[in-house]
Every structure is written in structure tokens, then in C-alpha cells.
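Participant: Handing over protein18.pdb, PDB, C-alpha atoms, pLDDT in the B column.
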ATOM      1  CA  MET A  23     105.834 -15.625  32.031  1.00 51.00           C
ATOM      2  CA  VAL A  24     108.417 -12.812  31.931  1.00 56.00           C
ATOM      3  CA  ALA A  25     108.741 -10.432  28.971  1.00 63.00           C
ATOM      4  CA  LYS A  26     111.232  -7.630  28.364  1.00 74.00           C
ATOM      5  CA  ILE A  27     109.845  -4.241  27.481  1.00 76.00           C
ATOM      6  CA  PHE A  28     111.612  -1.292  25.895  1.00 80.00           C
ATOM      7  CA  VAL A  29     110.540   2.360  25.874  1.00 80.00           C
ATOM      8  CA  CYS A  30     111.900   5.052  23.555  1.00 82.00           C
ATOM      9  CA  LYS A  31     113.557   7.862  25.557  1.00 81.00           C
ATOM     10  CA  THR A  32     112.580  10.528  23.005  1.00 82.00           C
ATOM     11  CA  CYS A  33     109.030   9.676  21.891  1.00 80.00           C
ATOM     12  CA  GLY A  34     107.809   7.299  24.633  1.00 74.00           C
ATOM     13  CA  LYS A  35     106.727   4.457  22.322  1.00 80.00           C
ATOM     14  CA  VAL A  36     106.711   0.976  23.807  1.00 77.00           C
ATOM     15  CA  ALA A  37     108.014  -2.173  22.067  1.00 80.00           C
ATOM     16  CA  SER A  38     109.117  -5.693  22.935  1.00 78.00           C
ATOM     17  CA  GLY A  39     112.382  -5.316  20.997  1.00 80.00           C
ATOM     18  CA  LYS A  40     115.066  -2.630  20.615  1.00 77.00           C
ATOM     19  CA  GLY A  41     115.026  -2.644  16.805  1.00 80.00           C
ATOM     20  CA  HIS A  42     111.993  -0.436  16.224  1.00 77.00           C
ATOM     21  CA  LEU A  43     112.862   2.340  18.666  1.00 83.00           C
ATOM     22  CA  CYS A  44     115.216   5.273  18.046  1.00 86.00           C
ATOM     23  CA  SER A  45     116.527   5.492  21.610  1.00 86.00           C
ATOM     24  CA  PRO A  46     115.498   2.291  23.454  1.00 85.00           C
ATOM     25  CA  GLU A  47     115.651   1.981  27.228  1.00 82.00           C
ATOM     26  CA  GLU A  48     114.882  -1.308  29.004  1.00 81.00           C
ATOM     27  CA  ARG A  49     112.190  -0.994  31.638  1.00 75.00           C
ATOM     28  CA  GLU A  50     111.273  -3.240  34.526  1.00 72.00           C
ATOM     29  CA  LYS A  51     110.278  -6.735  33.588  1.00 73.00           C
ATOM     30  CA  ILE A  52     106.618  -7.258  32.830  1.00 74.00           C
ATOM     31  CA  TYR A  53     104.838 -10.345  34.161  1.00 78.00           C
ATOM     32  CA  THR A  54     101.756 -11.808  32.510  1.00 82.00           C
ATOM     33  CA  CYS A  55      99.256 -13.458  34.845  1.00 84.00           C
ATOM     34  CA  GLN A  56      98.448 -17.087  33.953  1.00 83.00           C
ATOM     35  CA  TYR A  57      94.914 -16.703  35.309  1.00 82.00           C
ATOM     36  CA  CYS A  58      93.598 -13.380  33.942  1.00 85.00           C
ATOM     37  CA  GLY A  59      96.193 -12.361  31.324  1.00 85.00           C
ATOM     38  CA  LEU A  60      96.866  -8.989  32.965  1.00 83.00           C
ATOM     39  CA  LYS A  61     100.367  -7.568  32.522  1.00 78.00           C
ATOM     40  CA  SER A  62     101.955  -6.269  35.698  1.00 75.00           C
ATOM     41  CA  ILE A  63     105.337  -5.131  36.972  1.00 71.00           C
ATOM     42  CA  ASP A  64     104.656  -6.797  40.327  1.00 72.00           C
ATOM     43  CA  PRO A  65     105.462 -10.540  40.231  1.00 72.00           C
ATOM     44  CA  ARG A  66     103.158 -11.038  43.242  1.00 74.00           C
ATOM     45  CA  HIS A  67     100.033  -9.926  41.338  1.00 77.00           C
ATOM     46  CA  VAL A  68      96.806 -11.380  42.788  1.00 79.00           C
ATOM     47  CA  CYS A  69      93.560 -11.552  40.800  1.00 82.00           C
ATOM     48  CA  LEU A  70      90.070 -12.917  41.411  1.00 80.00           C
ATOM     49  CA  PRO A  71      90.475 -16.155  39.393  1.00 80.00           C
ATOM     50  CA  MET A  72      93.673 -16.861  41.323  1.00 79.00           C
ATOM     51  CA  ILE A  73      92.001 -16.304  44.708  1.00 79.00           C
ATOM     52  CA  PHE A  74      89.652 -19.236  44.112  1.00 79.00           C
ATOM     53  CA  ASN A  75      92.667 -21.524  43.572  1.00 80.00           C
ATOM     54  CA  PHE A  76      94.723 -20.598  46.650  1.00 83.00           C
ATOM     55  CA  LYS A  77      95.619 -23.745  48.598  1.00 85.00           C
ATOM     56  CA  TYR A  78      98.727 -22.809  50.594  1.00 86.00           C
ATOM     57  CA  SER A  79      99.850 -20.076  52.964  1.00 87.00           C
ATOM     58  CA  CYS A  80     103.370 -19.249  54.179  1.00 87.00           C
ATOM     59  CA  GLN A  81     103.779 -19.469  57.957  1.00 88.00           C
ATOM     60  CA  THR A  82     106.709 -17.043  57.843  1.00 86.00           C
ATOM     61  CA  CYS A  83     105.476 -14.122  55.739  1.00 83.00           C
ATOM     62  CA  GLY A  84     101.745 -14.814  55.258  1.00 82.00           C
ATOM     63  CA  ARG A  85     101.907 -14.917  51.473  1.00 83.00           C
ATOM     64  CA  VAL A  86      99.366 -17.210  49.758  1.00 84.00           C
ATOM     65  CA  SER A  87      99.879 -19.348  46.668  1.00 83.00           C
ATOM     66  CA  THR A  88      98.414 -22.059  44.470  1.00 81.00           C
ATOM     67  CA  SER A  89     101.494 -24.264  44.861  1.00 83.00           C
ATOM     68  CA  GLN A  90     103.881 -25.178  47.675  1.00 86.00           C
ATOM     69  CA  SER A  91     106.980 -24.509  45.581  1.00 88.00           C
ATOM     70  CA  ARG A  92     106.346 -20.751  45.576  1.00 83.00           C
ATOM     71  CA  LEU A  93     106.415 -20.440  49.373  1.00 87.00           C
ATOM     72  CA  CYS A  94     109.297 -20.710  51.836  1.00 88.00           C
ATOM     73  CA  ASN A  95     107.315 -22.333  54.704  1.00 89.00           C
ATOM     74  CA  PRO A  96     103.997 -23.590  53.228  1.00 89.00           C
ATOM     75  CA  THR A  97     100.943 -24.835  55.123  1.00 88.00           C
ATOM     76  CA  ILE A  98      97.635 -26.010  53.687  1.00 88.00           C
ATOM     77  CA  ILE A  99      94.731 -23.572  53.976  1.00 83.00           C
ATOM     78  CA  ASN A 100      91.981 -25.535  55.715  1.00 75.00           C
ATOM     79  CA  GLY A 101      88.709 -25.516  53.768  1.00 58.00           C
ATOM     80  CA  GLY A 102      87.942 -21.942  54.843  1.00 47.00           C
ATOM     81  CA  GLY A 103      88.836 -18.975  52.775  1.00 50.00           C
ATOM     82  CA  VAL A 104      87.047 -17.665  49.755  1.00 54.00           C
ATOM     83  CA  LYS A 105      85.812 -21.003  48.412  1.00 57.00           C
ATOM     84  CA  MET A 106      83.924 -21.742  51.625  1.00 57.00           C
ATOM     85  CA  ALA A 107      82.447 -18.239  51.752  1.00 59.00           C
ATOM     86  CA  VAL A 108      81.229 -18.593  48.174  1.00 63.00           C
ATOM     87  CA  LYS A 109      79.698 -21.997  48.949  1.00 66.00           C
ATOM     88  CA  LYS A 110      77.907 -20.590  52.015  1.00 65.00           C
ATOM     89  CA  LYS A 111      76.572 -17.675  50.013  1.00 69.00           C
ATOM     90  CA  ALA A 112      75.311 -20.038  47.296  1.00 72.00           C
ATOM     91  CA  ALA A 113      73.657 -22.232  49.938  1.00 74.00           C
ATOM     92  CA  LYS A 114      71.903 -19.204  51.446  1.00 75.00           C
ATOM     93  CA  LYS A 115      70.613 -18.224  48.010  1.00 77.00           C
ATOM     94  CA  LYS A 116      69.362 -21.755  47.441  1.00 79.00           C
ATOM     95  CA  VAL A 117      67.502 -21.751  50.766  1.00 79.00           C
ATOM     96  CA  ALA A 118      66.067 -18.313  49.999  1.00 80.00           C
ATOM     97  CA  ARG A 119      64.780 -19.597  46.634  1.00 82.00           C
ATOM     98  CA  LYS A 120      63.134 -22.604  48.318  1.00 82.00           C
ATOM     99  CA  VAL A 121      61.454 -20.362  50.891  1.00 81.00           C
ATOM    100  CA  ALA A 122      60.265 -18.005  48.145  1.00 82.00           C
ATOM    101  CA  LYS A 123      58.765 -20.943  46.228  1.00 83.00           C
ATOM    102  CA  LYS A 124      56.942 -22.182  49.334  1.00 81.00           C
ATOM    103  CA  VAL A 125      55.545 -18.709  50.022  1.00 81.00           C
ATOM    104  CA  ALA A 126      54.420 -18.399  46.404  1.00 82.00           C
ATOM    105  CA  LYS A 127      52.701 -21.806  46.592  1.00 82.00           C
ATOM    106  CA  LYS A 128      50.900 -20.765  49.783  1.00 80.00           C
ATOM    107  CA  LYS A 129      49.701 -17.538  48.144  1.00 78.00           C
ATOM    108  CA  VAL A 130      48.398 -19.482  45.147  1.00 79.00           C
ATOM    109  CA  ALA A 131      46.692 -21.977  47.454  1.00 79.00           C
ATOM    110  CA  ARG A 132      45.014 -19.109  49.347  1.00 80.00           C
ATOM    111  CA  LYS A 133      43.757 -17.563  46.108  1.00 77.00           C
ATOM    112  CA  VAL A 134      42.375 -20.913  44.960  1.00 76.00           C
ATOM    113  CA  ALA A 135      40.680 -21.421  48.326  1.00 76.00           C
ATOM    114  CA  LYS A 136      39.127 -17.928  48.178  1.00 74.00           C
ATOM    115  CA  LYS A 137      37.812 -18.625  44.657  1.00 73.00           C
ATOM    116  CA  LYS A 138      36.258 -21.904  45.808  1.00 72.00           C
ATOM    117  CA  VAL A 139      34.552 -20.153  48.733  1.00 72.00           C
ATOM    118  CA  ALA A 140      33.339 -17.364  46.442  1.00 72.00           C
ATOM    119  CA  THR A 141      31.907 -19.837  43.890  1.00 72.00           C
ATOM    120  CA  LYS A 142      30.147 -21.819  46.662  1.00 68.00           C
ATOM    121  CA  LYS A 143      28.529 -18.600  47.984  1.00 66.00           C
ATOM    122  CA  LYS A 144      27.322 -17.688  44.474  1.00 66.00           C
ATOM    123  CA  LYS A 145      25.722 -21.148  44.000  1.00 65.00           C
ATOM    124  CA  ARG A 146      23.674 -20.796  47.214  1.00 62.00           C
TER     125      ARG A 146
END
How would this structure read if it were set down as C-alpha cells?
Facilitator:
Amino acid sequence: MVAKIFVCKTCGKVASGKGHLCSPEEREKIYTCQYCGLKSIDPRHVCLPMIFNFKYSCQTCGRVSTSQSRLCNPTIINGGGVKMAVKKKAAKKKVARKVAKKVAKKKVARKVAKKKVATKKKKR
């Protein structure tokens, strides 16, 4: 989405139209990101939500995009990239949680066993 922006030469106020400024001057076009809503002068803005949706890479210049139409020589990014790294990290966390649960169960089992031994010794 492209929006025009005007800045007053004398006071520096910013507006989207010329009518409310005393000495309007058109500035560079402002682009609004579809993913995060950030306004930027650079049309090639890249943000975190966009990174997770990248599917294509340009063989010529190396630029990445969410659609083929935005690249001159597109190729599909094979399952790697950020999505795969995030999945691997999540899997590691899941394994770590399972291991922690097993360790906790073993500790509880040891405590229970010690209590049983202690109660048997007291009965004798």
C-alpha cells in the first residue's frame, strides 16, 4: 500500500494532504507493511512476521519473497530457512520437557522408596 506524505517547509508538520499545510512539500512515498503495519520509505522492508512466510528466493539477486510475482528469477526455498529452525527449536524444548519430567518422576520415586525403607526400620 503506497501513501503520499507532505511536510510543511516552514513548521515541519506532516500531513497526508496539501490542504492543511502552509508550505507543503511532497516527500518520498511511504509504504505500509501488510504484515506488521509499520510505515517505511523502503519498499523492500522485511519484518519478523514476513520472514515466517518466505517461500521464494531470486536466483539472480538473492532477494526473498512470499510470492513468485515479486521476483525476477524465483526458486522455491526448500523446507529449510526460519520455519525449520523454529520447528527444530520447538522439538528440542519438547524433548527437554520430557527429560525433565522423567527426572522429576525418578526423584519422587527415590523419595517414596526412602520413606518406605525408613518406615520399615521404625517398625522393627
Participant: Using all atoms listed in the file, pick whichever of A:Cys30, A:Ile98, A:Cys58, A:Arg119 has the shortest atom-to-atom distance to A:Ser45.
Facilitator: A:Cys30
Participant: Could you list, as a list in words, every residue within 10 Å of A:Arg92, counting all atoms listed in the file and ignoring same-chain residues fewer than 6 positions away?
Facilitator: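 After dropping sequence-adjacent residues, the list is Tyr78, Ser79, Cys80, Arg85 and Val86 of chain A.
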Participant: Kindly give the distance, in Å, that separates atom CA of A:Leu70 and atom CA of A:Ile52, rounded to a single decimal.
Facilitator: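 That distance, rounded to one decimal, is 19.5 Å.
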Participant: For the provided coordinates, the residues matched by the PyMOL selection byres ((chain A and resi 89) around 8) should be stated as a PyMOL selection string.
Facilitator: chain A and resi 76-78+87-88+90-93
Participant: Mind giving me the straight-line distance from atom CA of A:Gly34 to atom CA of A:Glu48 in Å, one decimal?
Facilitator: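 Rounded to one decimal, the two atoms are 12.0 Å apart.
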Participant: Identify which of the residues A:Val68, A:Asn75, A:Ala113, A:Ala122 lies closest to A:Ile99, counting all atoms listed in the file when measuring atom-to-atom distances.
Facilitator: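 Residue with the minimum atom-to-atom distance to A:Ile99: A:Asn75.
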Participant: List every protein, DNA or RNA residue with an atom no more than 6 Å from (105.6, -8.6, 34.3) in the file's coordinates, counting all atoms listed in the file, and format the result as a list in words.
Facilitator: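 Result, sorted by chain then residue number: Val24, Lys51, Ile52, Tyr53, Thr54, Lys61, Ser62 and Ile63 of chain A.
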Participant: How far is it from atom CA of A:Thr32 to atom CA of A:Leu60, in Å with one decimal?
Facilitator: 27.0 Å
Participant: What are the centre and edge lengths in Å, to one decimal, of the axis-aligned box around all listed atoms of stretch 61-78 of chain A with 5 Å added on each side, as lines of an AutoDock Vina configuration file?
Facilitator:
center_x = 97.6
center_y = -14.4
center_z = 41.6
size_x = 25.8
size_y = 28.6
size_z = 28.1
Participant: Would you kindly translate the PyMOL selection byres ((chain A and resi 29) around 7) into the concrete residues it picks from this file, as JSON, numbers by chain?
Facilitator: {"A": [27, 28, 30, 31, 34, 35, 36, 37, 46, 47, 48, 49]}
Participant: Please, could N, CA, C and O atoms be added to stretch 84-103 of chain A and the result written as a tab-separated table (two decimals), keeping the file's coordinate frame?
Facilitator:
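Written out: selection-v2.tsv:
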chain	number	residue	atom	x	y	z
A	84	GLY	N	103.18	-14.96	55.46
A	84	GLY	CA	101.74	-14.81	55.26
A	84	GLY	C	101.30	-14.79	53.81
A	84	GLY	O	100.13	-14.65	53.52
A	85	ARG	N	102.23	-14.91	52.89
A	85	ARG	CA	101.91	-14.92	51.47
A	85	ARG	C	101.10	-16.17	51.14
A	85	ARG	O	101.30	-17.23	51.73
A	86	VAL	N	100.17	-16.06	50.17
A	86	VAL	CA	99.37	-17.21	49.76
A	86	VAL	C	99.72	-17.59	48.33
A	86	VAL	O	100.18	-16.75	47.55
A	87	SER	N	99.50	-18.87	47.99
A	87	SER	CA	99.88	-19.35	46.67
A	87	SER	C	99.04	-20.56	46.27
A	87	SER	O	98.40	-21.20	47.11
A	88	THR	N	99.11	-20.89	44.98
A	88	THR	CA	98.41	-22.06	44.47
A	88	THR	C	99.29	-23.30	44.53
A	88	THR	O	98.79	-24.40	44.35
A	89	SER	N	100.60	-23.11	44.77
A	89	SER	CA	101.49	-24.26	44.86
A	89	SER	C	102.49	-24.09	46.00
A	89	SER	O	102.86	-22.97	46.36
A	90	GLN	N	102.93	-25.20	46.56
A	90	GLN	CA	103.88	-25.18	47.68
A	90	GLN	C	105.24	-24.63	47.27
A	90	GLN	O	105.93	-24.00	48.05
A	91	SER	N	105.63	-24.88	46.03
A	91	SER	CA	106.98	-24.51	45.58
A	91	SER	C	107.22	-23.00	45.59
A	91	SER	O	108.36	-22.56	45.60
A	92	ARG	N	106.19	-22.20	45.61
A	92	ARG	CA	106.35	-20.75	45.58
A	92	ARG	C	106.44	-20.12	46.96
A	92	ARG	O	106.56	-18.92	47.10
A	93	LEU	N	106.37	-20.95	48.01
A	93	LEU	CA	106.42	-20.44	49.37
A	93	LEU	C	107.60	-21.02	50.13
A	93	LEU	O	108.01	-22.14	49.88
A	94	CYS	N	108.13	-20.25	51.09
A	94	CYS	CA	109.30	-20.71	51.84
A	94	CYS	C	108.91	-21.67	52.96
A	94	CYS	O	109.65	-22.60	53.27
A	95	ASN	N	107.76	-21.49	53.60
A	95	ASN	CA	107.32	-22.33	54.70
A	95	ASN	C	105.81	-22.61	54.55
A	95	ASN	O	104.98	-22.07	55.30
A	96	PRO	N	105.41	-23.43	53.56
A	96	PRO	CA	104.00	-23.59	53.23
A	96	PRO	C	103.19	-24.43	54.21
A	96	PRO	O	103.70	-25.36	54.82
A	97	THR	N	101.92	-24.05	54.38
A	97	THR	CA	100.94	-24.84	55.12
A	97	THR	C	99.65	-24.83	54.31
A	97	THR	O	99.36	-23.86	53.59
A	98	ILE	N	98.89	-25.90	54.43
A	98	ILE	CA	97.64	-26.01	53.69
A	98	ILE	C	96.58	-25.13	54.33
A	98	ILE	O	96.44	-25.08	55.55
A	99	ILE	N	95.83	-24.39	53.48
A	99	ILE	CA	94.73	-23.57	53.98
A	99	ILE	C	93.56	-24.52	54.17
A	99	ILE	O	93.09	-25.15	53.24
A	100	ASN	N	93.08	-24.62	55.39
A	100	ASN	CA	91.98	-25.54	55.72
A	100	ASN	C	90.66	-25.00	55.20
A	100	ASN	O	90.25	-23.92	55.60
A	101	GLY	N	90.02	-25.73	54.33
A	101	GLY	CA	88.71	-25.52	53.77
A	101	GLY	C	88.05	-24.16	53.91
A	101	GLY	O	87.04	-23.95	53.31
A	102	GLY	N	88.57	-23.25	54.68
A	102	GLY	CA	87.94	-21.94	54.84
A	102	GLY	C	88.16	-21.08	53.63
A	102	GLY	O	88.00	-21.52	52.51
A	103	GLY	N	88.49	-19.88	53.84
A	103	GLY	CA	88.84	-18.98	52.78
A	103	GLY	C	87.67	-18.60	51.87
A	103	GLY	O	86.51	-18.71	52.22
